[in-house]
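Below: protein09.csv (CSV, C-alpha atoms)
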```
chain,number,residue,atom,x,y,z
A,1,MET,CA,-1.5,27.0,-25.7
A,2,GLY,CA,-0.9,29.0,-22.6
A,3,LYS,CA,-3.2,31.8,-21.3
A,4,LYS,CA,-0.5,34.4,-21.6
A,5,ILE,CA,0.0,33.5,-25.3
A,6,LEU,CA,-3.7,33.6,-25.9
A,7,GLN,CA,-4.0,37.0,-24.1
A,8,LYS,CA,-1.2,38.3,-26.4
A,9,LYS,CA,-3.1,37.0,-29.5
A,10,VAL,CA,-6.3,38.8,-28.3
A,11,GLU,CA,-4.3,42.0,-28.0
A,12,GLU,CA,-2.8,41.5,-31.5
A,13,THR,CA,-6.3,40.7,-33.0
A,14,VAL,CA,-7.8,43.8,-31.4
A,15,LEU,CA,-5.0,46.0,-32.9
A,16,TYR,CA,-5.4,44.4,-36.3
A,17,SER,CA,-9.2,44.6,-36.3
A,18,TYR,CA,-9.7,48.1,-34.9
A,19,GLU,CA,-11.0,49.6,-38.1
A,20,SER,CA,-13.3,46.7,-38.8
A,21,MET,CA,-14.6,46.9,-35.3
A,22,TYR,CA,-15.3,50.6,-35.8
A,23,ARG,CA,-17.1,50.0,-39.1
A,24,LEU,CA,-19.3,47.3,-37.5
A,25,ALA,CA,-20.2,49.5,-34.5
A,26,TYR,CA,-20.9,52.4,-36.9
A,27,THR,CA,-23.5,50.4,-38.8
A,28,TYR,CA,-25.4,50.1,-35.5
A,29,VAL,CA,-25.3,53.6,-34.2
A,30,HIS,CA,-24.6,55.7,-37.3
A,31,ASN,CA,-22.5,58.2,-35.2
A,32,GLU,CA,-18.8,58.5,-35.2
A,33,GLU,CA,-18.3,59.3,-31.5
A,34,ASP,CA,-20.8,56.6,-30.4
A,35,ALA,CA,-19.1,54.0,-32.6
A,36,LEU,CA,-15.7,55.0,-31.1
A,37,ASP,CA,-17.1,54.6,-27.6
A,38,ILE,CA,-18.4,51.2,-28.5
A,39,VAL,CA,-15.1,50.1,-29.9
A,40,GLN,CA,-13.3,51.4,-26.8
A,41,GLU,CA,-15.7,49.6,-24.5
A,42,SER,CA,-15.4,46.4,-26.6
A,43,VAL,CA,-11.6,46.6,-26.5
A,44,TYR,CA,-11.7,47.0,-22.7
A,45,LYS,CA,-14.0,44.0,-22.4
A,46,ALA,CA,-11.8,41.9,-24.7
A,47,ILE,CA,-8.6,42.7,-22.9
A,48,LYS,CA,-10.2,42.3,-19.4
A,49,HIS,CA,-11.7,38.9,-20.3
A,50,SER,CA,-9.0,37.7,-22.6
A,51,THR,CA,-8.1,34.8,-20.2
A,52,SER,CA,-11.6,33.3,-20.8
A,53,ILE,CA,-10.8,32.4,-24.4
A,54,ASN,CA,-9.6,28.9,-24.8
A,55,GLN,CA,-8.6,28.6,-28.5
A,56,GLU,CA,-6.9,31.0,-30.8
A,57,ASP,CA,-9.3,30.1,-33.7
A,58,TYR,CA,-12.2,31.6,-31.8
A,59,ILE,CA,-10.6,35.0,-30.9
A,60,LYS,CA,-12.0,36.9,-33.9
A,61,THR,CA,-15.4,35.4,-33.6
A,62,TRP,CA,-15.4,36.2,-29.9
A,63,LEU,CA,-14.3,39.8,-30.6
A,64,TRP,CA,-17.1,40.4,-33.2
A,65,ARG,CA,-19.7,39.1,-30.7
A,66,ILE,CA,-18.3,41.5,-28.1
A,67,VAL,CA,-18.7,44.5,-30.5
A,68,ILE,CA,-22.2,43.5,-31.5
A,69,ASN,CA,-23.4,43.0,-27.9
A,70,THR,CA,-21.7,46.2,-26.8
A,71,ALA,CA,-23.4,48.1,-29.7
A,72,LEU,CA,-26.8,46.6,-28.8
A,73,ASP,CA,-26.3,47.4,-25.1
A,74,PHE,CA,-25.4,51.0,-26.1
A,75,ILE,CA,-28.6,51.4,-28.2
A,76,ARG,CA,-30.8,49.9,-25.5
A,77,LYS,CA,-29.2,52.1,-22.8
A,78,ASN,CA,-29.5,55.3,-24.8
A,79,GLN,CA,-33.0,54.7,-26.2
A,80,LYS,CA,-32.6,57.6,-28.5
A,81,GLU,CA,-33.3,58.3,-32.2
A,82,ILE,CA,-30.1,57.6,-34.0
A,83,VAL,CA,-29.6,59.9,-36.9
A,84,VAL,CA,-27.6,58.7,-39.9
A,85,GLU,CA,-24.9,61.2,-40.7
A,86,SER,CA,-23.4,61.6,-44.2
A,87,PHE,CA,-20.0,60.1,-44.5
A,88,CYS,CA,-19.0,63.1,-46.6
A,89,GLU,CA,-19.6,65.5,-43.7
A,90,HIS,CA,-16.8,63.9,-41.8
A,91,GLY,CA,-14.5,63.4,-44.8
A,92,GLN,CA,-14.1,59.7,-44.1
A,93,ASP,CA,-12.6,57.4,-46.6
A,94,ASP,CA,-14.5,54.4,-45.3
A,95,SER,CA,-15.4,51.0,-46.8
A,96,TYR,CA,-19.1,51.8,-46.2
A,97,GLN,CA,-19.4,54.6,-48.7
A,98,ASP,CA,-22.7,53.7,-50.3
A,99,PHE,CA,-25.0,56.0,-48.3
A,100,ASP,CA,-28.2,54.6,-49.8
A,101,THR,CA,-27.3,51.1,-48.7
A,102,ILE,CA,-26.3,52.3,-45.2
A,103,GLU,CA,-29.6,54.1,-44.9
A,104,ALA,CA,-31.5,51.0,-46.2
A,105,LEU,CA,-30.0,48.9,-43.4
A,106,LYS,CA,-32.4,50.8,-41.0
A,107,VAL,CA,-35.2,48.5,-42.2
A,108,LEU,CA,-33.4,45.4,-40.9
A,109,THR,CA,-33.7,43.9,-37.4
A,110,GLU,CA,-30.5,43.9,-35.4
A,111,LYS,CA,-29.7,40.3,-36.2
A,112,GLU,CA,-30.4,40.8,-39.9
A,113,LYS,CA,-28.2,43.9,-39.9
A,114,ALA,CA,-25.4,41.9,-38.2
A,115,VAL,CA,-25.6,39.1,-40.8
A,116,VAL,CA,-25.5,41.6,-43.8
A,117,VAL,CA,-22.7,43.7,-42.3
A,118,LEU,CA,-20.5,40.7,-41.4
A,119,ARG,CA,-21.1,39.0,-44.7
A,120,PHE,CA,-20.7,41.8,-47.2
A,121,PHE,CA,-18.8,44.6,-45.4
A,122,GLU,CA,-16.5,42.4,-43.3
A,123,ASP,CA,-16.3,39.4,-45.7
A,124,GLN,CA,-17.1,36.8,-43.1
A,125,LYS,CA,-18.2,33.3,-44.1
A,126,LEU,CA,-21.7,32.1,-43.2
A,127,LYS,CA,-20.2,29.5,-40.8
A,128,GLU,CA,-18.2,32.3,-39.0
A,129,ILE,CA,-21.3,34.5,-38.8
A,130,GLY,CA,-23.2,31.6,-37.3
A,131,GLU,CA,-20.5,31.2,-34.6
A,132,ILE,CA,-20.5,35.0,-33.9
A,133,LEU,CA,-24.3,35.1,-33.5
A,134,GLY,CA,-24.8,31.7,-31.9
A,135,GLU,CA,-26.9,30.4,-34.9
A,136,ASN,CA,-26.5,27.5,-37.2
A,137,THR,CA,-25.4,28.1,-40.8
A,138,ASN,CA,-28.8,27.3,-42.3
A,139,THR,CA,-30.4,29.9,-40.0
A,140,VAL,CA,-27.8,32.5,-41.0
A,141,LYS,CA,-28.6,31.7,-44.7
A,142,THR,CA,-32.3,32.2,-44.1
A,143,ILE,CA,-31.7,35.5,-42.3
A,144,LEU,CA,-29.3,36.7,-45.1
A,145,TYR,CA,-31.8,35.9,-47.9
A,146,ARG,CA,-34.7,37.5,-46.0
A,147,SER,CA,-32.5,40.6,-45.3
A,148,LEU,CA,-31.4,40.9,-48.9
A,149,ARG,CA,-35.1,40.8,-50.0
A,150,LYS,CA,-35.9,43.6,-47.5
A,151,LEU,CA,-32.9,45.6,-48.7
A,152,LYS,CA,-33.9,45.2,-52.3
A,153,LEU,CA,-37.4,46.4,-51.6
A,154,GLU,CA,-36.1,49.4,-49.7
A,155,LEU,CA,-33.5,50.3,-52.3
A,156,THR,CA,-36.0,50.1,-55.2
A,157,LYS,CA,-38.7,52.1,-53.6
A,158,GLY,CA,-40.0,54.8,-56.0
A,159,GLU,CA,-38.1,53.5,-59.0
A,160,LEU,CA,-41.2,52.4,-60.9
A,161,GLY,CA,-42.8,55.8,-61.2
A,162,TYR,CA,-41.6,59.3,-61.3
A,163,GLU,CA,-42.1,61.1,-58.1
A,164,GLY,CA,-41.6,64.8,-58.5
```
Mind turning the file's structure into structure tokens?
Amino acid sequence: MGKKILQKKVEETVLYSYESMYRLAYTYVHNEEDALDIVQESVYKAIKHSTSINQEDYIKTWLWRIVINTALDFIRKNQKEIVVESFCEHGQDDSYQDFDTIEALKVLTEKEKAVVVLRFFEDQKLKEIGEILGENTNTVKTILYRSLRKLKLELTKGELGYEG
């Protein structure tokens, strides 16, 4: 497949995946404007480097990796406390509406968060997640199960006794 055709496929994938890219970025920064900045930067990088992709099958995986790395770079660069804002304040009709779950994601490492978000919010298969993160499938499974245990502990805090 020619480079021009692959470049066109990258552009199509970016357009088709824009909302998913935003949701993924938002889980990292918990701020609407920052997430949009990350998506814009990711789109720029994807279009600029679209000639480096060699196979159409890897475009989406490559794009997810760009978004994750751009989000992590943004966080490192800004080194600020990221405040989780309520989805309701912005009137968003988003796929990530369970505020308690979004808040609980803060207990996870960046890699754990990426695995959980890609698996459950973006419906990626474990093999695809491994390709995105550069890990083998068994490592992804281990990270996923460890992350789910952490989330369960975080989400069930305080349920055993009345705290009033």
*Determine, counting all atoms listed in the file, which protein, DNA and RNA residues have an atom within 12 Å of an atom of Thr139 (chain A); residues of the same chain fewer than 3 positions away are not included. Present the result as a VMD selection string.*
chain A and resid 111 to 112 115 126 to 127 129 to 131 133 to 136 142 to 146
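Of the listed residues (A:Ala25, A:Val10, A:Asn69, A:Asp37), A:Val10 comes nearest to Ile53 (chain A); the distances count only C-alpha atoms.
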*For each of A:Gln40, A:Asn78, A:Ser20, A:Thr27, take the minimum atom-to-atom distance to Lys60 (chain A), counting all atoms listed in the file, then give the residue where this is smallest.*
A:Ser20
*asked:* Just to confirm, what's the straight-line distance from CA of Tyr18 (chain A) to CA of Gln124 (chain A) in Å (one decimal)?
replied: 15.8 Å
*Using all atoms listed in the file, which residues sit within 7 Å of Val39 (chain A) once same-chain residues fewer than 3 positions away are excluded, as number ranges by chain?*
A: 21-22, 25, 35-36, 42-43, 67
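Straight-line separation from CA of Ser147 (chain A) to CA of Tyr28 (chain A): 15.4 Å.
Shortest separation to Leu153 (chain A) among A:Ile38, A:Lys4, A:Asn54, A:Ala104 occurs at residue A:Ala104, atoms counted being all atoms listed in the file.
Nearest residue to Leu63 (chain A), choosing from A:Leu105, A:Leu118, A:Val14, A:Ile5 and counting all atoms listed in the file: A:Val14.
Of note, CA of Ala46 (chain A) and CA of Phe120 (chain A) are spaced 24.2 Å apart.
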